[in-house]
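The file coords-v9.pdb comes next; it holds PDB, N, CA and C atoms and all ligand atoms.
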ATOM      1  N   MET Z   1      14.926  -6.827  -8.824
ATOM      2  CA  MET Z   1      13.767  -7.521  -9.411
ATOM      3  C   MET Z   1      12.971  -6.557 -10.297
ATOM      4  N   GLU Z   2      12.467  -7.084 -11.408
ATOM      5  CA  GLU Z   2      11.683  -6.247 -12.322
ATOM      6  C   GLU Z   2      10.415  -5.741 -11.628
ATOM      7  N   PRO Z   3      10.062  -4.482 -11.836
ATOM      8  CA  PRO Z   3       8.850  -3.949 -11.196
ATOM      9  C   PRO Z   3       7.588  -4.751 -11.534
ATOM     10  N   TRP Z   4       7.491  -5.186 -12.787
ATOM     11  CA  TRP Z   4       6.270  -5.921 -13.159
ATOM     12  C   TRP Z   4       6.206  -7.245 -12.439
ATOM     13  N   TRP Z   5       7.377  -7.844 -12.147
ATOM     14  CA  TRP Z   5       7.405  -9.121 -11.449
ATOM     15  C   TRP Z   5       6.984  -8.934  -9.996
ATOM     16  N   THR Z   6       7.473  -7.877  -9.395
ATOM     17  CA  THR Z   6       7.078  -7.541  -8.033
ATOM     18  C   THR Z   6       5.571  -7.343  -7.971
ATOM     19  N   LEU Z   7       5.066  -6.628  -8.954
ATOM     20  CA  LEU Z   7       3.628  -6.375  -9.001
ATOM     21  C   LEU Z   7       2.861  -7.684  -9.153
ATOM     22  N   PHE Z   8       3.339  -8.531 -10.036
ATOM     23  CA  PHE Z   8       2.688  -9.811 -10.271
ATOM     24  C   PHE Z   8       2.664 -10.644  -8.993
ATOM     25  N   GLN Z   9       3.811 -10.714  -8.313
ATOM     26  CA  GLN Z   9       3.898 -11.482  -7.070
ATOM     27  C   GLN Z   9       2.953 -10.937  -6.009
ATOM     28  N   ARG Z  10       2.882  -9.627  -5.949
ATOM     29  CA  ARG Z  10       2.023  -8.972  -4.966
ATOM     30  C   ARG Z  10       0.569  -9.336  -5.216
ATOM     31  N   VAL Z  11       0.182  -9.211  -6.473
ATOM     32  CA  VAL Z  11      -1.204  -9.506  -6.842
ATOM     33  C   VAL Z  11      -1.506 -10.978  -6.607
ATOM     34  N   ARG Z  12      -0.556 -11.824  -7.004
ATOM     35  CA  ARG Z  12      -0.776 -13.257  -6.901
ATOM     36  C   ARG Z  12      -0.925 -13.690  -5.442
ATOM     37  N   SER Z  13      -0.038 -13.226  -4.586
ATOM     38  CA  SER Z  13      -0.094 -13.659  -3.196
ATOM     39  C   SER Z  13      -1.332 -13.107  -2.507
ATOM     40  N   LYS Z  14      -1.777 -11.940  -2.962
ATOM     41  CA  LYS Z  14      -2.973 -11.391  -2.339
ATOM     42  C   LYS Z  14      -4.231 -12.117  -2.834
ATOM     43  N   ALA Z  15      -4.227 -12.496  -4.118
ATOM     44  CA  ALA Z  15      -5.394 -13.178  -4.684
ATOM     45  C   ALA Z  15      -5.539 -14.579  -4.103
ATOM     46  N   ASP Z  16      -4.417 -15.204  -3.752
ATOM     47  CA  ASP Z  16      -4.419 -16.561  -3.218
ATOM     48  C   ASP Z  16      -4.847 -16.528  -1.758
ATOM     49  N   ALA Z  17      -6.137 -16.332  -1.556
ATOM     50  CA  ALA Z  17      -6.664 -16.075  -0.213
ATOM     51  C   ALA Z  17      -6.380 -17.212   0.764
ATOM     52  N   ASN Z  18      -6.477 -18.460   0.318
ATOM     53  CA  ASN Z  18      -6.251 -19.572   1.256
ATOM     54  C   ASN Z  18      -4.791 -20.035   1.261
ATOM     55  N   ARG Z  19      -3.921 -19.284   0.551
ATOM     56  CA  ARG Z  19      -2.477 -19.512   0.605
ATOM     57  C   ARG Z  19      -2.070 -20.934   0.248
ATOM     58  N   ASP Z  20      -2.722 -21.555  -0.708
ATOM     59  CA  ASP Z  20      -2.311 -22.904  -1.095
ATOM     60  C   ASP Z  20      -1.428 -22.878  -2.353
ATOM     61  N   GLY Z  21      -1.083 -21.684  -2.790
ATOM     62  CA  GLY Z  21      -0.202 -21.569  -3.944
ATOM     63  C   GLY Z  21      -0.925 -21.681  -5.269
ATOM     64  N   LYS Z  22      -2.206 -21.993  -5.216
ATOM     65  CA  LYS Z  22      -2.997 -22.059  -6.448
ATOM     66  C   LYS Z  22      -4.102 -21.025  -6.389
ATOM     67  N   LEU Z  23      -4.583 -20.661  -7.535
ATOM     68  CA  LEU Z  23      -5.692 -19.710  -7.572
ATOM     69  C   LEU Z  23      -6.979 -20.425  -7.987
ATOM     70  N   THR Z  24      -7.975 -20.347  -7.135
ATOM     71  CA  THR Z  24      -9.286 -20.878  -7.510
ATOM     72  C   THR Z  24      -9.943 -19.863  -8.446
ATOM     73  N   LYS Z  25     -11.062 -20.265  -9.005
ATOM     74  CA  LYS Z  25     -11.768 -19.368  -9.909
ATOM     75  C   LYS Z  25     -12.176 -18.082  -9.176
ATOM     76  N   GLU Z  26     -12.651 -18.248  -7.940
ATOM     77  CA  GLU Z  26     -13.072 -17.084  -7.151
ATOM     78  C   GLU Z  26     -11.881 -16.171  -6.872
ATOM     79  N   GLU Z  27     -10.767 -16.807  -6.495
ATOM     80  CA  GLU Z  27      -9.573 -16.017  -6.193
ATOM     81  C   GLU Z  27      -9.095 -15.280  -7.444
ATOM     82  N   PHE Z  28      -9.181 -15.977  -8.567
ATOM     83  CA  PHE Z  28      -8.751 -15.373  -9.824
ATOM     84  C   PHE Z  28      -9.597 -14.141 -10.123
ATOM     85  N   CYS Z  29     -10.870 -14.233  -9.815
ATOM     86  CA  CYS Z  29     -11.783 -13.112 -10.067
ATOM     87  C   CYS Z  29     -11.443 -11.896  -9.208
ATOM     88  N   ASN Z  30     -10.718 -12.147  -8.107
ATOM     89  CA  ASN Z  30     -10.339 -11.025  -7.236
ATOM     90  C   ASN Z  30      -9.244 -10.174  -7.854
ATOM     91  N   ILE Z  31      -8.556 -10.743  -8.832
ATOM     92  CA  ILE Z  31      -7.375 -10.057  -9.370
ATOM     93  C   ILE Z  31      -7.711  -8.662  -9.903
ATOM     94  N   ALA Z  32      -8.806  -8.578 -10.624
ATOM     95  CA  ALA Z  32      -9.200  -7.261 -11.150
ATOM     96  C   ALA Z  32      -9.381  -6.266 -10.007
ATOM     97  N   ALA Z  33     -10.020  -6.737  -8.940
ATOM     98  CA  ALA Z  33     -10.253  -5.871  -7.782
ATOM     99  C   ALA Z  33      -8.926  -5.473  -7.136
ATOM    100  N   ILE Z  34      -7.981  -6.415  -7.100
ATOM    101  CA  ILE Z  34      -6.680  -6.125  -6.497
ATOM    102  C   ILE Z  34      -5.922  -5.081  -7.313
ATOM    103  N   PHE Z  35      -5.982  -5.228  -8.640
ATOM    104  CA  PHE Z  35      -5.336  -4.228  -9.493
ATOM    105  C   PHE Z  35      -5.956  -2.849  -9.261
ATOM    106  N   GLU Z  36      -7.261  -2.840  -9.111
ATOM    107  CA  GLU Z  36      -7.944  -1.569  -8.824
ATOM    108  C   GLU Z  36      -7.449  -0.987  -7.514
ATOM    109  N   GLU Z  37      -7.261  -1.880  -6.527
ATOM    110  CA  GLU Z  37      -6.809  -1.421  -5.220
ATOM    111  C   GLU Z  37      -5.401  -0.840  -5.327
ATOM    112  N   ILE Z  38      -4.547  -1.519  -6.088
ATOM    113  CA  ILE Z  38      -3.183  -1.019  -6.264
ATOM    114  C   ILE Z  38      -3.216   0.360  -6.925
ATOM    115  N   GLU Z  39      -4.041   0.489  -7.952
ATOM    116  CA  GLU Z  39      -4.150   1.777  -8.632
ATOM    117  C   GLU Z  39      -4.641   2.850  -7.660
ATOM    118  N   ALA Z  40      -5.614   2.473  -6.834
ATOM    119  CA  ALA Z  40      -6.162   3.416  -5.857
ATOM    120  C   ALA Z  40      -5.083   3.835  -4.861
ATOM    121  N   LEU Z  41      -4.287   2.850  -4.407
ATOM    122  CA  LEU Z  41      -3.220   3.166  -3.447
ATOM    123  C   LEU Z  41      -2.146   4.026  -4.077
ATOM    124  N   LYS Z  42      -1.860   3.762  -5.354
ATOM    125  CA  LYS Z  42      -0.880   4.592  -6.054
ATOM    126  C   LYS Z  42      -1.388   6.026  -6.170
ATOM    127  N   ALA Z  43      -2.690   6.152  -6.396
ATOM    128  CA  ALA Z  43      -3.286   7.488  -6.476
ATOM    129  C   ALA Z  43      -3.177   8.190  -5.127
ATOM    130  N   VAL Z  44      -3.411   7.423  -4.054
ATOM    131  CA  VAL Z  44      -3.288   7.980  -2.706
ATOM    132  C   VAL Z  44      -1.864   8.457  -2.469
ATOM    133  N   PHE Z  45      -0.898   7.605  -2.856
ATOM    134  CA  PHE Z  45       0.497   7.971  -2.681
ATOM    135  C   PHE Z  45       0.821   9.234  -3.479
ATOM    136  N   GLY Z  46       0.316   9.273  -4.723
ATOM    137  CA  GLY Z  46       0.556  10.435  -5.574
ATOM    138  C   GLY Z  46       0.006  11.715  -4.962
ATOM    139  N   GLU Z  47      -1.122  11.559  -4.259
ATOM    140  CA  GLU Z  47      -1.739  12.709  -3.612
ATOM    141  C   GLU Z  47      -0.911  13.160  -2.405
ATOM    142  N   MET Z  48      -0.369  12.162  -1.691
ATOM    143  CA  MET Z  48       0.447  12.486  -0.514
ATOM    144  C   MET Z  48       1.774  13.100  -0.927
ATOM    145  N   ASP Z  49       2.346  12.589  -2.017
ATOM    146  CA  ASP Z  49       3.633  13.091  -2.510
ATOM    147  C   ASP Z  49       3.390  14.394  -3.268
ATOM    148  N   GLN Z  50       3.184  15.442  -2.502
ATOM    149  CA  GLN Z  50       2.724  16.705  -3.094
ATOM    150  C   GLN Z  50       3.727  17.369  -4.022
ATOM    151  N   ASP Z  51       5.024  17.184  -3.758
ATOM    152  CA  ASP Z  51       6.013  17.810  -4.632
ATOM    153  C   ASP Z  51       6.454  16.868  -5.755
ATOM    154  N   ARG Z  52       5.762  15.705  -5.858
ATOM    155  CA  ARG Z  52       6.048  14.749  -6.932
ATOM    156  C   ARG Z  52       7.505  14.318  -6.968
ATOM    157  N   SER Z  53       8.095  14.171  -5.803
ATOM    158  CA  SER Z  53       9.497  13.773  -5.734
ATOM    159  C   SER Z  53       9.642  12.254  -5.837
ATOM    160  N   GLY Z  54       8.519  11.542  -5.761
ATOM    161  CA  GLY Z  54       8.567  10.081  -5.795
ATOM    162  C   GLY Z  54       8.752   9.495  -4.410
ATOM    163  N   THR Z  55       8.881  10.370  -3.447
ATOM    164  CA  THR Z  55       9.077   9.957  -2.064
ATOM    165  C   THR Z  55       8.112  10.728  -1.179
ATOM    166  N   MET Z  56       7.486  10.019  -0.256
ATOM    167  CA  MET Z  56       6.598  10.694   0.679
ATOM    168  C   MET Z  56       7.422  11.104   1.893
ATOM    169  N   SER Z  57       7.616  12.391   2.047
ATOM    170  CA  SER Z  57       8.393  12.873   3.187
ATOM    171  C   SER Z  57       7.548  12.787   4.450
ATOM    172  N   PHE Z  58       8.210  12.942   5.576
ATOM    173  CA  PHE Z  58       7.503  12.895   6.851
ATOM    174  C   PHE Z  58       6.409  13.956   6.896
ATOM    175  N   GLU Z  59       6.750  15.145   6.436
ATOM    176  CA  GLU Z  59       5.775  16.241   6.439
ATOM    177  C   GLU Z  59       4.581  15.931   5.540
ATOM    178  N   GLU Z  60       4.863  15.378   4.365
ATOM    179  CA  GLU Z  60       3.780  15.020   3.436
ATOM    180  C   GLU Z  60       2.878  13.956   4.040
ATOM    181  N   MET Z  61       3.490  12.978   4.689
ATOM    182  CA  MET Z  61       2.729  11.918   5.331
ATOM    183  C   MET Z  61       1.868  12.492   6.456
ATOM    184  N   ARG Z  62       2.495  13.338   7.262
ATOM    185  CA  ARG Z  62       1.814  13.905   8.422
ATOM    186  C   ARG Z  62       0.571  14.700   8.016
ATOM    187  N   LYS Z  63       0.711  15.450   6.925
ATOM    188  CA  LYS Z  63      -0.406  16.284   6.473
ATOM    189  C   LYS Z  63      -1.600  15.484   6.015
ATOM    190  N   LYS Z  64      -1.328  14.336   5.386
ATOM    191  CA  LYS Z  64      -2.411  13.583   4.744
ATOM    192  C   LYS Z  64      -2.833  12.319   5.484
ATOM    193  N   ALA Z  65      -1.944  11.789   6.312
ATOM    194  CA  ALA Z  65      -2.188  10.473   6.897
ATOM    195  C   ALA Z  65      -3.497  10.391   7.677
ATOM    196  N   VAL Z  66      -3.736  11.380   8.508
ATOM    197  CA  VAL Z  66      -4.926  11.333   9.356
ATOM    198  C   VAL Z  66      -6.191  11.303   8.498
ATOM    199  N   THR Z  67      -6.240  12.166   7.507
ATOM    200  CA  THR Z  67      -7.390  12.198   6.609
ATOM    201  C   THR Z  67      -7.556  10.858   5.913
ATOM    202  N   PHE Z  68      -6.442  10.329   5.425
ATOM    203  CA  PHE Z  68      -6.491   9.065   4.703
ATOM    204  C   PHE Z  68      -7.023   7.941   5.573
ATOM    205  N   TYR Z  69      -6.455   7.797   6.766
ATOM    206  CA  TYR Z  69      -6.847   6.670   7.599
ATOM    207  C   TYR Z  69      -8.227   6.824   8.220
ATOM    208  N   THR Z  70      -8.671   8.046   8.396
ATOM    209  CA  THR Z  70     -10.030   8.180   8.917
ATOM    210  C   THR Z  70     -11.039   7.934   7.795
ATOM    211  N   THR Z  71     -10.669   8.299   6.565
ATOM    212  CA  THR Z  71     -11.553   8.061   5.429
ATOM    213  C   THR Z  71     -11.642   6.580   5.095
ATOM    214  N   HIS Z  72     -10.508   5.868   5.226
ATOM    215  CA  HIS Z  72     -10.458   4.470   4.805
ATOM    216  C   HIS Z  72     -10.324   3.513   5.983
ATOM    217  N   ALA Z  73     -10.769   3.947   7.144
ATOM    218  CA  ALA Z  73     -10.575   3.158   8.357
ATOM    219  C   ALA Z  73     -11.168   1.753   8.244
ATOM    220  N   ASP Z  74     -12.265   1.618   7.501
ATOM    221  CA  ASP Z  74     -12.890   0.308   7.373
ATOM    222  C   ASP Z  74     -12.008  -0.651   6.584
ATOM    223  N   LYS Z  75     -11.255  -0.098   5.649
ATOM    224  CA  LYS Z  75     -10.455  -0.938   4.763
ATOM    225  C   LYS Z  75      -9.032  -1.130   5.273
ATOM    226  N   TYR Z  76      -8.434  -0.044   5.725
ATOM    227  CA  TYR Z  76      -7.050  -0.110   6.188
ATOM    228  C   TYR Z  76      -7.031   0.202   7.671
ATOM    229  N   ASP Z  77      -6.819  -0.843   8.466
ATOM    230  CA  ASP Z  77      -6.911  -0.646   9.906
ATOM    231  C   ASP Z  77      -5.763   0.205  10.458
ATOM    232  N   GLY Z  78      -5.895   0.547  11.711
ATOM    233  CA  GLY Z  78      -4.927   1.426  12.360
ATOM    234  C   GLY Z  78      -3.534   0.850  12.419
ATOM    235  N   LYS Z  79      -3.456  -0.499  12.397
ATOM    236  CA  LYS Z  79      -2.153  -1.146  12.460
ATOM    237  C   LYS Z  79      -1.273  -0.688  11.307
ATOM    238  N   ARG Z  80      -1.900  -0.578  10.136
ATOM    239  CA  ARG Z  80      -1.135  -0.172   8.969
ATOM    240  C   ARG Z  80      -0.697   1.292   9.065
ATOM    241  N   ALA Z  81      -1.566   2.087   9.643
ATOM    242  CA  ALA Z  81      -1.201   3.494   9.864
ATOM    243  C   ALA Z  81       0.035   3.549  10.756
ATOM    244  N   MET Z  82       0.045   2.662  11.761
ATOM    245  CA  MET Z  82       1.187   2.611  12.664
ATOM    246  C   MET Z  82       2.448   2.176  11.939
ATOM    247  N   HIS Z  83       2.299   1.194  11.044
ATOM    248  CA  HIS Z  83       3.452   0.746  10.252
ATOM    249  C   HIS Z  83       4.050   1.903   9.457
ATOM    250  N   VAL Z  84       3.151   2.693   8.855
ATOM    251  CA  VAL Z  84       3.618   3.830   8.057
ATOM    252  C   VAL Z  84       4.352   4.818   8.958
ATOM    253  N   MET Z  85       3.748   5.136  10.108
ATOM    254  CA  MET Z  85       4.375   6.069  11.057
ATOM    255  C   MET Z  85       5.724   5.523  11.534
ATOM    256  N   ASN Z  86       5.741   4.209  11.858
ATOM    257  CA  ASN Z  86       6.967   3.591  12.386
ATOM    258  C   ASN Z  86       8.109   3.627  11.380
ATOM    259  N   HIS Z  87       7.746   3.637  10.116
ATOM    260  CA  HIS Z  87       8.776   3.709   9.081
ATOM    261  C   HIS Z  87       9.659   4.939   9.306
ATOM    262  N   TYR Z  88       9.038   6.008   9.701
ATOM    263  CA  TYR Z  88       9.785   7.252   9.907
ATOM    264  C   TYR Z  88      10.491   7.253  11.255
ATOM    265  N   ALA Z  89       9.884   6.543  12.203
ATOM    266  CA  ALA Z  89      10.470   6.404  13.543
ATOM    267  C   ALA Z  89      10.984   7.731  14.082
ATOM    268  N   GLY Z  90      10.212   8.767  13.861
ATOM    269  CA  GLY Z  90      10.569  10.073  14.388
ATOM    270  C   GLY Z  90      11.655  10.788  13.594
ATOM    271  N   ASP Z  91      12.175  10.115  12.552
ATOM    272  CA  ASP Z  91      13.211  10.726  11.722
ATOM    273  C   ASP Z  91      12.550  11.487  10.576
ATOM    274  N   LYS Z  92      12.469  12.786  10.736
ATOM    275  CA  LYS Z  92      11.737  13.599   9.774
ATOM    276  C   LYS Z  92      12.455  13.763   8.441
ATOM    277  N   LYS Z  93      13.693  13.313   8.395
ATOM    278  CA  LYS Z  93      14.422  13.415   7.127
ATOM    279  C   LYS Z  93      14.197  12.192   6.256
ATOM    280  N   LYS Z  94      13.622  11.185   6.864
ATOM    281  CA  LYS Z  94      13.374   9.942   6.135
ATOM    282  C   LYS Z  94      12.225  10.109   5.144
ATOM    283  N   GLY Z  95      12.278   9.349   4.058
ATOM    284  CA  GLY Z  95      11.184   9.356   3.104
ATOM    285  C   GLY Z  95      10.664   7.957   2.880
ATOM    286  N   MET Z  96       9.499   7.872   2.245
ATOM    287  CA  MET Z  96       8.960   6.562   1.924
ATOM    288  C   MET Z  96       8.639   6.501   0.438
ATOM    289  N   LYS Z  97       9.164   5.474  -0.204
ATOM    290  CA  LYS Z  97       8.911   5.314  -1.631
ATOM    291  C   LYS Z  97       7.578   4.611  -1.844
ATOM    292  N   GLU Z  98       7.077   4.744  -3.052
ATOM    293  CA  GLU Z  98       5.781   4.131  -3.387
ATOM    294  C   GLU Z  98       5.791   2.628  -3.097
ATOM    295  N   GLU Z  99       6.896   1.968  -3.451
ATOM    296  CA  GLU Z  99       7.005   0.528  -3.216
ATOM    297  C   GLU Z  99       6.848   0.184  -1.737
ATOM    298  N   GLU Z 100       7.499   0.974  -0.901
ATOM    299  CA  GLU Z 100       7.441   0.722   0.540
ATOM    300  C   GLU Z 100       6.023   0.942   1.064
ATOM    301  N   PHE Z 101       5.386   1.956   0.514
ATOM    302  CA  PHE Z 101       4.011   2.257   0.905
ATOM    303  C   PHE Z 101       3.094   1.090   0.526
ATOM    304  N   LEU Z 102       3.237   0.604  -0.693
ATOM    305  CA  LEU Z 102       2.405  -0.520  -1.143
ATOM    306  C   LEU Z 102       2.683  -1.772  -0.308
ATOM    307  N   ASP Z 103       3.955  -2.004   0.021
ATOM    308  CA  ASP Z 103       4.298  -3.159   0.847
ATOM    309  C   ASP Z 103       3.550  -3.127   2.166
ATOM    310  N   ILE Z 104       3.537  -1.975   2.792
ATOM    311  CA  ILE Z 104       2.876  -1.836   4.089
ATOM    312  C   ILE Z 104       1.368  -2.017   3.935
ATOM    313  N   MET Z 105       0.801  -1.400   2.918
ATOM    314  CA  MET Z 105      -0.642  -1.441   2.748
ATOM    315  C   MET Z 105      -1.142  -2.839   2.372
ATOM    316  N   PHE Z 106      -0.253  -3.647   1.811
ATOM    317  CA  PHE Z 106      -0.680  -4.978   1.388
ATOM    318  C   PHE Z 106      -0.321  -6.073   2.375
ATOM    319  N   LYS Z 107       0.381  -5.719   3.419
ATOM    320  CA  LYS Z 107       0.811  -6.722   4.379
ATOM    321  C   LYS Z 107      -0.383  -7.347   5.105
ATOM    322  N   ASP Z 108      -0.422  -8.670   5.130
ATOM    323  CA  ASP Z 108      -1.464  -9.412   5.870
ATOM    324  C   ASP Z 108      -2.868  -8.890   5.587
ATOM    325  N   SER Z 109      -3.116  -8.516   4.359
ATOM    326  CA  SER Z 109      -4.399  -7.847   4.136
ATOM    327  C   SER Z 109      -5.463  -8.777   3.563
ATOM    328  N   CYS Z 110      -5.246 -10.082   3.609
ATOM    329  CA  CYS Z 110      -6.285 -10.982   3.108
ATOM    330  C   CYS Z 110      -7.252 -11.354   4.224
TER     331      CYS Z 110
HETATM  332 CA    CA O 201       7.595  14.128  -1.846
END
If you convert what's in this file into structure tokens, what do you get?
Ligand SMILES: [Ca+2]
Amino acid sequence: MEPWWTLFQRVRSKADANRDGKLTKEEFCNIAAIFEEIEALKAVFGEMDQDRSGTMSFEEMRKKAVTFYTTHADKYDGKRAMHVMNHYAGDKKKGMKEEEFLDIMFKDSC
């Protein structure tokens, strides 16, 4: 799937707060905020991916995760932190791509 289409779907499903498949005027107004959130999350990922490999290694996640989740605890609950941790499932050789990170951060977040 095209990256822009994935992005569009992500934004659309998140903006559609009442999940009726349509966007109300209020929901539409959220789109700008959602794009900002995506940009912010991408920046967070970029910060975690210290060697700029495009993948967040277990070590990179471990170093930054606690700071991130304590700083943003009001916005991103602990469940999501657990999802991120579970992705690695103790396998330190595993990595997480930006897409996977965004998927987790956007899950059930309305
Ligand atoms: Ca990396």
### Task
Name the residues captured by the PyMOL selection byres (((chain Z and resi 72-85 and name CA) around 12) and not hetatm and name CA) when it is applied to the shown file; answer as a PyMOL selection string.
chain Z and resi 37+40-41+44-45+56-62+64-71+86-92+94-98+100-110
Resulting file, chosen residues, N, CA and C atoms, as a CSV table (one decimal), in the coordinates of the input:
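See selection.csv below for the written result:
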chain,number,residue,atom,x,y,z
Z,37,GLU,N,-7.3,-1.9,-6.5
Z,37,GLU,CA,-6.8,-1.4,-5.2
Z,37,GLU,C,-5.4,-0.8,-5.3
Z,40,ALA,N,-5.6,2.5,-6.8
Z,40,ALA,CA,-6.2,3.4,-5.9
Z,40,ALA,C,-5.1,3.8,-4.9
Z,41,LEU,N,-4.3,2.8,-4.4
Z,41,LEU,CA,-3.2,3.2,-3.4
Z,41,LEU,C,-2.1,4.0,-4.1
Z,44,VAL,N,-3.4,7.4,-4.1
Z,44,VAL,CA,-3.3,8.0,-2.7
Z,44,VAL,C,-1.9,8.5,-2.5
Z,45,PHE,N,-0.9,7.6,-2.9
Z,45,PHE,CA,0.5,8.0,-2.7
Z,45,PHE,C,0.8,9.2,-3.5
Z,56,MET,N,7.5,10.0,-0.3
Z,56,MET,CA,6.6,10.7,0.7
Z,56,MET,C,7.4,11.1,1.9
Z,57,SER,N,7.6,12.4,2.0
Z,57,SER,CA,8.4,12.9,3.2
Z,57,SER,C,7.5,12.8,4.4
Z,58,PHE,N,8.2,12.9,5.6
Z,58,PHE,CA,7.5,12.9,6.9
Z,58,PHE,C,6.4,14.0,6.9
Z,59,GLU,N,6.8,15.1,6.4
Z,59,GLU,CA,5.8,16.2,6.4
Z,59,GLU,C,4.6,15.9,5.5
Z,60,GLU,N,4.9,15.4,4.4
Z,60,GLU,CA,3.8,15.0,3.4
Z,60,GLU,C,2.9,14.0,4.0
Z,61,MET,N,3.5,13.0,4.7
Z,61,MET,CA,2.7,11.9,5.3
Z,61,MET,C,1.9,12.5,6.5
Z,62,ARG,N,2.5,13.3,7.3
Z,62,ARG,CA,1.8,13.9,8.4
Z,62,ARG,C,0.6,14.7,8.0
Z,64,LYS,N,-1.3,14.3,5.4
Z,64,LYS,CA,-2.4,13.6,4.7
Z,64,LYS,C,-2.8,12.3,5.5
Z,65,ALA,N,-1.9,11.8,6.3
Z,65,ALA,CA,-2.2,10.5,6.9
Z,65,ALA,C,-3.5,10.4,7.7
Z,66,VAL,N,-3.7,11.4,8.5
Z,66,VAL,CA,-4.9,11.3,9.4
Z,66,VAL,C,-6.2,11.3,8.5
Z,67,THR,N,-6.2,12.2,7.5
Z,67,THR,CA,-7.4,12.2,6.6
Z,67,THR,C,-7.6,10.9,5.9
Z,68,PHE,N,-6.4,10.3,5.4
Z,68,PHE,CA,-6.5,9.1,4.7
Z,68,PHE,C,-7.0,7.9,5.6
Z,69,TYR,N,-6.5,7.8,6.8
Z,69,TYR,CA,-6.8,6.7,7.6
Z,69,TYR,C,-8.2,6.8,8.2
Z,70,THR,N,-8.7,8.0,8.4
Z,70,THR,CA,-10.0,8.2,8.9
Z,70,THR,C,-11.0,7.9,7.8
Z,71,THR,N,-10.7,8.3,6.6
Z,71,THR,CA,-11.6,8.1,5.4
Z,71,THR,C,-11.6,6.6,5.1
Z,86,ASN,N,5.7,4.2,11.9
Z,86,ASN,CA,7.0,3.6,12.4
Z,86,ASN,C,8.1,3.6,11.4
Z,87,HIS,N,7.7,3.6,10.1
Z,87,HIS,CA,8.8,3.7,9.1
Z,87,HIS,C,9.7,4.9,9.3
Z,88,TYR,N,9.0,6.0,9.7
Z,88,TYR,CA,9.8,7.3,9.9
Z,88,TYR,C,10.5,7.3,11.3
Z,89,ALA,N,9.9,6.5,12.2
Z,89,ALA,CA,10.5,6.4,13.5
Z,89,ALA,C,11.0,7.7,14.1
Z,90,GLY,N,10.2,8.8,13.9
Z,90,GLY,CA,10.6,10.1,14.4
Z,90,GLY,C,11.7,10.8,13.6
Z,91,ASP,N,12.2,10.1,12.6
Z,91,ASP,CA,13.2,10.7,11.7
Z,91,ASP,C,12.6,11.5,10.6
Z,92,LYS,N,12.5,12.8,10.7
Z,92,LYS,CA,11.7,13.6,9.8
Z,92,LYS,C,12.5,13.8,8.4
Z,94,LYS,N,13.6,11.2,6.9
Z,94,LYS,CA,13.4,9.9,6.1
Z,94,LYS,C,12.2,10.1,5.1
Z,95,GLY,N,12.3,9.3,4.1
Z,95,GLY,CA,11.2,9.4,3.1
Z,95,GLY,C,10.7,8.0,2.9
Z,96,MET,N,9.5,7.9,2.2
Z,96,MET,CA,9.0,6.6,1.9
Z,96,MET,C,8.6,6.5,0.4
Z,97,LYS,N,9.2,5.5,-0.2
Z,97,LYS,CA,8.9,5.3,-1.6
Z,97,LYS,C,7.6,4.6,-1.8
Z,98,GLU,N,7.1,4.7,-3.1
Z,98,GLU,CA,5.8,4.1,-3.4
Z,98,GLU,C,5.8,2.6,-3.1
Z,100,GLU,N,7.5,1.0,-0.9
Z,100,GLU,CA,7.4,0.7,0.5
Z,100,GLU,C,6.0,0.9,1.1
Z,101,PHE,N,5.4,2.0,0.5
Z,101,PHE,CA,4.0,2.3,0.9
Z,101,PHE,C,3.1,1.1,0.5
Z,102,LEU,N,3.2,0.6,-0.7
Z,102,LEU,CA,2.4,-0.5,-1.1
Z,102,LEU,C,2.7,-1.8,-0.3
Z,103,ASP,N,4.0,-2.0,0.0
Z,103,ASP,CA,4.3,-3.2,0.8
Z,103,ASP,C,3.6,-3.1,2.2
Z,104,ILE,N,3.5,-2.0,2.8
Z,104,ILE,CA,2.9,-1.8,4.1
Z,104,ILE,C,1.4,-2.0,3.9
Z,105,MET,N,0.8,-1.4,2.9
Z,105,MET,CA,-0.6,-1.4,2.7
Z,105,MET,C,-1.1,-2.8,2.4
Z,106,PHE,N,-0.3,-3.6,1.8
Z,106,PHE,CA,-0.7,-5.0,1.4
Z,106,PHE,C,-0.3,-6.1,2.4
Z,107,LYS,N,0.4,-5.7,3.4
Z,107,LYS,CA,0.8,-6.7,4.4
Z,107,LYS,C,-0.4,-7.3,5.1
Z,108,ASP,N,-0.4,-8.7,5.1
Z,108,ASP,CA,-1.5,-9.4,5.9
Z,108,ASP,C,-2.9,-8.9,5.6
Z,109,SER,N,-3.1,-8.5,4.4
Z,109,SER,CA,-4.4,-7.8,4.1
Z,109,SER,C,-5.5,-8.8,3.6
Z,110,CYS,N,-5.2,-10.1,3.6
Z,110,CYS,CA,-6.3,-11.0,3.1
Z,110,CYS,C,-7.3,-11.4,4.2
### Task
Just the alpha helix (DSSP H) stuff from chain Z, please, per backbone DSSP, written as a VMD selection string.
chain Z and resid 3 to 15 25 to 48 58 to 71 78 to 88 98 to 106
### Message
What does the list of residues within 5 Å of ligand CA 201 (chain O) look like if you count only N, CA and C atoms and all ligand atoms, written as a PyMOL selection string?
### Response
chain Z and resi 49-57
### Task
Take atom N of Leu7 in chain Z and atom C of Lys25 in chain Z and report the distance between them in Å, one decimal.
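Pair atom N of Leu7 in chain Z / atom C of Lys25 in chain Z returns 20.7 Å.
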Test item: axis-aligned box, all listed atoms of range 47-62 of chain Z, 4 Å on each side, centre and edges in Å rounded to one decimal, as lines of an AutoDock Vina configuration file:
center_x = 4.0
center_y = 13.7
center_z = 0.7
size_x = 19.4
size_y = 16.3
size_z = 23.4
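One finds CA of Ile31 in chain Z at 14.6 Å from CA of Arg19 in chain Z.
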### Query
Taking the file as shown, what set of residues would the PyMOL selection byres (((chain Z and resi 14) around 8) and not hetatm) give back, as a list in words?
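When the PyMOL selection byres (((chain Z and resi 14) around 8) and not hetatm) is applied, the selected residues are Phe8, Gln9, Arg10, Val11, Arg12, Ser13, Ala15, Asp16, Ala17, Asn18, Arg19, Glu27, Asn30, Ile31, Ile34, Phe106, Ser109 and Cys110 of chain Z.
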### Separation of CA of Phe35 in chain Z from CA of Trp4 in chain Z, in Å and rounded to one decimal
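CA of Trp4 in chain Z lies 12.3 Å from CA of Phe35 in chain Z.
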